[in-house]
Amino acid sequence: MAEPAISIEPNALVRARAALGDFSLTVSTDGTYLLDGGAMFGVVPKALWQKRIAANADNQILLGLNSVIVRTGSQTVVIETGIGNKQTEKMREIFRNQELLLQSYAAAGLDPAQVDIVINTHLHFDHCGWNTILHPDGSVTPTFPNARYFAHAGEVAHGHLQLDRDRVSYLSPNYDPLIASGQMTLLDLAVPGATEEICPGIWVELLPGHTAHMMGVHIEPPRPVESRPASPIGPHACYVGDLIPTAHHLDPTWVMGYDLDPLRCIEERKRFYARAIPEQWLVLFTHDHDTPMARVALNDKGKPIITARS
């Protein structure tokens with residue numbers, strides 16, 4: 001099986017590109033932001049995680065906000081939409097985010113009006129912020145006026161509860177106007193591993209743990225029957241959302257303090273690796289600014305590591 005060609009573009013608005021069969025993948029960025037390193041690595045001691053990623057004087061680490069553009073030849077699909085422009089001044093001071101996604105789309109040659117489908121793995125503010133645009137008069141309009149949006153119904157229900165544990169993560173202007181207008185379709189995947197096709201070659205899978213209803217997005221270009229080799233394995237990529245937020249989180253037990261069910265995260269990572277490693281999937285990381293995509297292998301100790309990035 002030919003591996004997809006990967007091009008990583010450091011210090012650019014377009015972070016990476018890859019050819020996947022007849023599909024093209026482009027990673028755009030909403031810039032970077034800062035989160036507490038301890039929260040990002042949960043119970044893992046700082047003495048261990050700081051060997052992989054440096055923290056500043058406030059114990060914050062630099063993270064990316066990766067949005068993937070998939071061009072299938074017949075449709076343009078966007079996966080995740082960053083933080084957006086609805087944060088309060090206080091939150092901007094804390095996160096130091098830049099709101100670059102629309103500029104990044106322009107650098108990638110994408111007009112938001114050309115987008116057919118938008119998929120949110122879950123509805124935390126740093127994954128769906130540019131679903132809509134906040135205007136100076138306080139109005140909110142869809143960033144992608146001609147697109148169908150997809151999210152999990154359970155995410156909306158949980159966000160509406162505004163629970164003490166995570167209410168800060170859910171900003172209803174990112175999704176409620178789209179639900180009210182009928183532009184957002186709410187999915188109802190009920191059990192881990194359940195899937196639903198969004199369009200030919202792209203489907204979502206329930207990967208719970210970070211939230212109860214988080215989804216991964218699978219990308220596998222259809223192959224004509226006459227061209228299929230004896231092996232059923234073809235080019236395949238997966239945007240894993242916050243199941244594995246960065247390449248620094250590959251160890252199954254290195255889960256986040258933000259994860260609502262860390263034990264489920266561990267099991268879902270193991271289930272993911274059981275498929276992704278032998279089948280050589282291209283893994284798309286949502287919060288890794290420097291390594292937005294890579295393949296994963298096992299080292300001589302049986303630990304997952306990234307392979308060549310380009």
# chains A, B, ... in the order shown; residues from 1 in each chain; ligands from 1
>>> closest_atom_pairs(of="region 65-162 of chain A", to="region 279-289 of chain A", cutoff="8 Å", atoms="only C-alpha atoms", output="tab-separated table")
residue	atom	partner	partner_atom	distance
A:Leu65	CA	A:His287	CA	5.3
A:Asn66	CA	A:Thr286	CA	5.1
A:Ser67	CA	A:Thr286	CA	7.4
>>> closest_residue(among="A:Ile277, A:Ile266, A:Met40, A:Ala107", to="Ala297 (chain A)", atoms="only C-alpha atoms")
A:Ile277
>>> closest_residue(among="A:His248, A:Gly193, A:Leu34, A:Met293", to="Phe272 (chain A)", atoms="only C-alpha atoms")
A:Gly193
>>> residues_around(residues="Gly182 (chain A)", least_positions_apart="5", cutoff="10 Å", atoms="only C-alpha atoms", output="PyMOL selection string")
chain A and resi 148-149+176-177
>>> atom_distance(atom1="CA of Leu186 (chain A)", atom2="CA of Pro262 (chain A)")
25.1 Å
>>> residues_around(residues="region 75-91 of chain A", least_positions_apart="2", cutoff="8 Å", atoms="only C-alpha atoms", output="PyMOL selection string")
chain A and resi 29-30+65-73+93-95+97+99+101+114-121+125-134+217+239
>>> closest_residue(among="A:Ile8, A:Leu20, A:Leu260, A:Ala108", to="Arg223 (chain A)", atoms="only C-alpha atoms")
A:Leu20
>>> closest_residue(among="A:Leu171, A:Val156, A:Leu163, A:Ile202", to="Met214 (chain A)", atoms="only C-alpha atoms")
A:Val156
>>> select_by_dssp(residues="region 12-134 of chain A", states="alpha helix (DSSP H)", output="MDAnalysis selection string")
chainID A and resid 37:41 46:49 89:95 101:107 125:128
>>> write_last_selection(atoms="N, CA, C and O atoms", output="tab-separated table (two decimals), in the first residue's frame")
chain	number	residue	atom	x	y	z
A	37	GLY	N	-0.18	23.06	31.50
A	37	GLY	CA	0.44	21.78	31.19
A	37	GLY	C	-0.05	20.66	32.08
A	37	GLY	O	-0.24	19.52	31.62
A	38	GLY	N	-0.26	20.94	33.34
A	38	GLY	CA	-0.76	19.92	34.25
A	38	GLY	C	-2.13	19.43	33.86
A	38	GLY	O	-2.41	18.22	33.90
A	39	ALA	N	-3.00	20.35	33.43
A	39	ALA	CA	-4.34	19.95	32.98
A	39	ALA	C	-4.26	19.12	31.71
A	39	ALA	O	-5.03	18.16	31.53
A	40	MET	N	-3.32	19.45	30.84
A	40	MET	CA	-3.20	18.72	29.58
A	40	MET	C	-2.65	17.30	29.77
A	40	MET	O	-2.86	16.44	28.91
A	41	PHE	N	-1.95	17.06	30.88
A	41	PHE	CA	-1.36	15.73	31.08
A	41	PHE	C	-1.89	15.03	32.34
A	41	PHE	O	-1.38	13.97	32.71
A	46	LYS	N	4.96	16.30	36.03
A	46	LYS	CA	5.60	17.29	35.17
A	46	LYS	C	7.02	16.87	34.81
A	46	LYS	O	7.51	17.16	33.70
A	47	ALA	N	7.69	16.19	35.73
A	47	ALA	CA	9.05	15.74	35.45
A	47	ALA	C	9.12	14.85	34.21
A	47	ALA	O	10.15	14.78	33.54
A	48	LEU	N	8.01	14.19	33.88
A	48	LEU	CA	7.97	13.35	32.69
A	48	LEU	C	7.50	14.13	31.46
A	48	LEU	O	8.15	14.10	30.42
A	49	TRP	N	6.36	14.83	31.58
A	49	TRP	CA	5.82	15.45	30.37
A	49	TRP	C	6.66	16.62	29.88
A	49	TRP	O	6.69	16.91	28.67
A	89	GLU	N	-12.67	39.30	26.49
A	89	GLU	CA	-11.31	39.83	26.60
A	89	GLU	C	-10.53	39.08	27.67
A	89	GLU	O	-9.33	38.82	27.50
A	90	LYS	N	-11.19	38.72	28.76
A	90	LYS	CA	-10.51	37.96	29.82
A	90	LYS	C	-10.01	36.62	29.30
A	90	LYS	O	-8.87	36.22	29.59
A	91	MET	N	-10.85	35.93	28.54
A	91	MET	CA	-10.44	34.63	28.02
A	91	MET	C	-9.33	34.77	26.98
A	91	MET	O	-8.42	33.94	26.92
A	92	ARG	N	-9.37	35.83	26.19
A	92	ARG	CA	-8.28	36.05	25.23
A	92	ARG	C	-6.96	36.29	25.96
A	92	ARG	O	-5.90	35.85	25.50
A	93	GLU	N	-7.02	37.01	27.07
A	93	GLU	CA	-5.80	37.25	27.85
A	93	GLU	C	-5.24	35.94	28.41
A	93	GLU	O	-4.03	35.76	28.49
A	94	ILE	N	-6.13	35.04	28.80
A	94	ILE	CA	-5.69	33.76	29.37
A	94	ILE	C	-5.11	32.86	28.29
A	94	ILE	O	-4.02	32.30	28.44
A	95	PHE	N	-5.83	32.72	27.18
A	95	PHE	CA	-5.45	31.75	26.16
A	95	PHE	C	-4.44	32.30	25.15
A	95	PHE	O	-3.74	31.52	24.51
A	101	LEU	N	-8.15	31.61	11.68
A	101	LEU	CA	-8.63	30.55	10.79
A	101	LEU	C	-9.09	31.07	9.44
A	101	LEU	O	-8.81	30.46	8.41
A	102	LEU	N	-9.79	32.19	9.40
A	102	LEU	CA	-10.26	32.69	8.11
A	102	LEU	C	-9.10	33.09	7.22
A	102	LEU	O	-9.13	32.88	6.00
A	103	GLN	N	-8.04	33.64	7.83
A	103	GLN	CA	-6.83	33.95	7.05
A	103	GLN	C	-6.18	32.67	6.55
A	103	GLN	O	-5.67	32.61	5.43
A	104	SER	N	-6.18	31.65	7.39
A	104	SER	CA	-5.57	30.38	7.01
A	104	SER	C	-6.35	29.73	5.87
A	104	SER	O	-5.75	29.18	4.93
A	105	TYR	N	-7.68	29.79	5.93
A	105	TYR	CA	-8.48	29.27	4.82
A	105	TYR	C	-8.14	30.00	3.52
A	105	TYR	O	-8.02	29.38	2.45
A	106	ALA	N	-8.00	31.33	3.60
A	106	ALA	CA	-7.66	32.10	2.40
A	106	ALA	C	-6.31	31.65	1.85
A	106	ALA	O	-6.14	31.52	0.62
A	107	ALA	N	-5.34	31.42	2.73
A	107	ALA	CA	-4.02	30.95	2.30
A	107	ALA	C	-4.10	29.57	1.66
A	107	ALA	O	-3.29	29.22	0.80
A	125	PHE	N	-15.52	24.85	23.04
A	125	PHE	CA	-15.35	26.11	22.32
A	125	PHE	C	-14.14	26.12	21.39
A	125	PHE	O	-14.12	26.85	20.40
A	126	ASP	N	-13.10	25.32	21.70
A	126	ASP	CA	-11.88	25.34	20.88
A	126	ASP	C	-11.95	24.37	19.71
A	126	ASP	O	-10.94	24.15	19.02
A	127	HIS	N	-13.13	23.82	19.45
A	127	HIS	CA	-13.32	22.90	18.32
A	127	HIS	C	-14.41	23.37	17.36
A	127	HIS	O	-14.49	22.86	16.24
A	128	CYS	N	-15.24	24.31	17.79
A	128	CYS	CA	-16.37	24.71	16.93
A	128	CYS	C	-16.57	26.23	16.91
A	128	CYS	O	-17.62	26.71	16.50
>>> closest_residue(among="A:Ala18, A:Ala12, A:Cys265, A:Ile219", to="Ala294 (chain A)", atoms="only C-alpha atoms")
A:Ala18
>>> select_by_dssp(residues="region 109-297 of chain A", states="strand (DSSP E or B)", output="PyMOL selection string")
chain A and resi 117-119+132-134+140-142+148-152+184-187+195-199+202-206+215-219+237-239+282-284+293-297
>>> write_last_selection(atoms="C-alpha atoms", output="PDB file, in the first residue's frame")
ATOM      1  CA  ILE A 117     -19.964  19.965   5.028  1.00  0.00           C
ATOM      2  CA  VAL A 118     -18.626  20.929   8.474  1.00  0.00           C
ATOM      3  CA  ILE A 119     -18.010  18.225  11.098  1.00  0.00           C
ATOM      4  CA  THR A 132     -20.413  31.017  13.382  1.00  0.00           C
ATOM      5  CA  ILE A 133     -19.129  34.602  13.308  1.00  0.00           C
ATOM      6  CA  LEU A 134     -19.917  37.193  15.973  1.00  0.00           C
ATOM      7  CA  VAL A 140     -24.220  35.738  14.878  1.00  0.00           C
ATOM      8  CA  THR A 141     -24.211  34.267  11.371  1.00  0.00           C
ATOM      9  CA  PRO A 142     -22.910  30.977   9.885  1.00  0.00           C
ATOM     10  CA  ARG A 148     -24.461  21.268   6.324  1.00  0.00           C
ATOM     11  CA  TYR A 149     -23.046  21.001   9.824  1.00  0.00           C
ATOM     12  CA  PHE A 150     -22.827  17.734  11.782  1.00  0.00           C
ATOM     13  CA  ALA A 151     -22.418  17.220  15.538  1.00  0.00           C
ATOM     14  CA  HIS A 152     -23.583  14.720  18.130  1.00  0.00           C
ATOM     15  CA  MET A 184     -26.882  21.565  11.795  1.00  0.00           C
ATOM     16  CA  THR A 185     -27.731  17.873  11.760  1.00  0.00           C
ATOM     17  CA  LEU A 186     -27.532  16.165  15.151  1.00  0.00           C
ATOM     18  CA  LEU A 187     -26.319  12.570  15.116  1.00  0.00           C
ATOM     19  CA  THR A 195     -20.404   4.827  12.949  1.00  0.00           C
ATOM     20  CA  GLU A 196     -22.383   6.938  10.504  1.00  0.00           C
ATOM     21  CA  GLU A 197     -21.462   7.971   6.971  1.00  0.00           C
ATOM     22  CA  ILE A 198     -21.455  11.714   6.320  1.00  0.00           C
ATOM     23  CA  CYS A 199     -20.602  11.517   2.620  1.00  0.00           C
ATOM     24  CA  ILE A 202     -16.004  10.173   5.165  1.00  0.00           C
ATOM     25  CA  TRP A 203     -17.705   8.826   8.273  1.00  0.00           C
ATOM     26  CA  VAL A 204     -17.741   9.466  12.015  1.00  0.00           C
ATOM     27  CA  GLU A 205     -17.209   7.026  14.874  1.00  0.00           C
ATOM     28  CA  LEU A 206     -18.129   7.435  18.536  1.00  0.00           C
ATOM     29  CA  MET A 215     -16.522  11.449  17.595  1.00  0.00           C
ATOM     30  CA  GLY A 216     -13.519  10.701  15.420  1.00  0.00           C
ATOM     31  CA  VAL A 217     -13.679  11.418  11.693  1.00  0.00           C
ATOM     32  CA  HIS A 218     -12.517   8.716   9.270  1.00  0.00           C
ATOM     33  CA  ILE A 219     -11.375   9.569   5.753  1.00  0.00           C
ATOM     34  CA  ALA A 237      -6.787   8.946   7.752  1.00  0.00           C
ATOM     35  CA  CYS A 238      -8.513   9.692  11.036  1.00  0.00           C
ATOM     36  CA  TYR A 239      -9.019  12.998  12.817  1.00  0.00           C
ATOM     37  CA  LEU A 282      -2.577   8.775   8.890  1.00  0.00           C
ATOM     38  CA  VAL A 283      -3.457  10.331  12.260  1.00  0.00           C
ATOM     39  CA  LEU A 284      -4.607  13.968  12.321  1.00  0.00           C
ATOM     40  CA  MET A 293      -0.425  14.754  11.065  1.00  0.00           C
ATOM     41  CA  ALA A 294       1.723  11.618  11.261  1.00  0.00           C
ATOM     42  CA  ARG A 295       1.612   7.858  11.122  1.00  0.00           C
ATOM     43  CA  VAL A 296       1.994   5.857  14.324  1.00  0.00           C
ATOM     44  CA  ALA A 297       4.085   2.743  14.962  1.00  0.00           C
TER      45      ALA A 297
END
>>> residues_around(residues="Arg17 (chain A)", least_positions_apart="6", cutoff="6 Å", atoms="only C-alpha atoms", output="count of residues only")
4
>>> atom_distance(atom1="CA of Gly109 (chain A)", atom2="CA of Pro235 (chain A)")
24.3 Å
>>> residues_around(residues="His213 (chain A)", least_positions_apart="6", cutoff="8 Å", atoms="only C-alpha atoms", output="compact mmCIF listing (two decimals) with all heavy atoms, in the first residue's frame")
# COMPACT_ATOMS: atom_id res chain seq x y z
N HIS A 122 -16.66 17.34 18.73
CA HIS A 122 -17.45 17.65 19.91
C HIS A 122 -17.62 19.16 19.94
O HIS A 122 -17.13 19.85 19.03
CB HIS A 122 -16.84 17.08 21.19
CG HIS A 122 -15.47 17.56 21.52
ND1 HIS A 122 -14.38 17.34 20.71
CD2 HIS A 122 -14.98 18.25 22.60
CE1 HIS A 122 -13.29 17.85 21.26
NE2 HIS A 122 -13.64 18.42 22.40
N HIS A 152 -22.83 15.75 17.40
CA HIS A 152 -23.58 14.72 18.13
C HIS A 152 -24.65 15.38 19.00
O HIS A 152 -24.40 16.37 19.69
CB HIS A 152 -22.64 13.90 19.01
CG HIS A 152 -23.23 12.58 19.43
ND1 HIS A 152 -24.29 12.49 20.31
CD2 HIS A 152 -22.91 11.31 19.09
CE1 HIS A 152 -24.59 11.22 20.50
NE2 HIS A 152 -23.78 10.48 19.77
N GLY A 154 -25.86 14.33 21.70
CA GLY A 154 -25.49 14.26 23.11
C GLY A 154 -24.61 15.41 23.54
O GLY A 154 -24.66 15.85 24.70
N GLU A 155 -23.79 15.93 22.63
CA GLU A 155 -22.95 17.08 22.94
C GLU A 155 -23.81 18.32 23.21
O GLU A 155 -23.56 19.08 24.13
CB GLU A 155 -21.99 17.36 21.79
CG GLU A 155 -20.75 16.51 21.79
CD GLU A 155 -19.82 16.86 22.94
OE1 GLU A 155 -19.36 18.00 23.03
OE2 GLU A 155 -19.59 15.97 23.77
N LEU A 189 -25.18 8.59 17.68
CA LEU A 189 -24.41 7.36 17.83
C LEU A 189 -24.46 6.96 19.29
O LEU A 189 -24.09 7.74 20.17
CB LEU A 189 -22.97 7.58 17.37
CG LEU A 189 -22.80 8.13 15.94
CD1 LEU A 189 -21.34 8.30 15.60
CD2 LEU A 189 -23.50 7.25 14.93
N LEU A 206 -18.08 7.01 17.14
CA LEU A 206 -18.13 7.44 18.54
C LEU A 206 -16.88 6.95 19.26
O LEU A 206 -16.60 5.75 19.32
CB LEU A 206 -19.39 6.88 19.20
CG LEU A 206 -19.69 7.41 20.61
CD1 LEU A 206 -19.96 8.92 20.57
CD2 LEU A 206 -20.88 6.68 21.23
N LEU A 207 -16.11 7.91 19.82
CA LEU A 207 -14.89 7.62 20.57
C LEU A 207 -15.00 8.30 21.93
O LEU A 207 -14.35 9.31 22.19
CB LEU A 207 -13.65 8.13 19.82
CG LEU A 207 -13.37 7.54 18.44
CD1 LEU A 207 -12.20 8.28 17.79
CD2 LEU A 207 -13.05 6.05 18.54
>>> atom_distance(atom1="CA of Val44 (chain A)", atom2="CA of Trp254 (chain A)")
6.4 Å
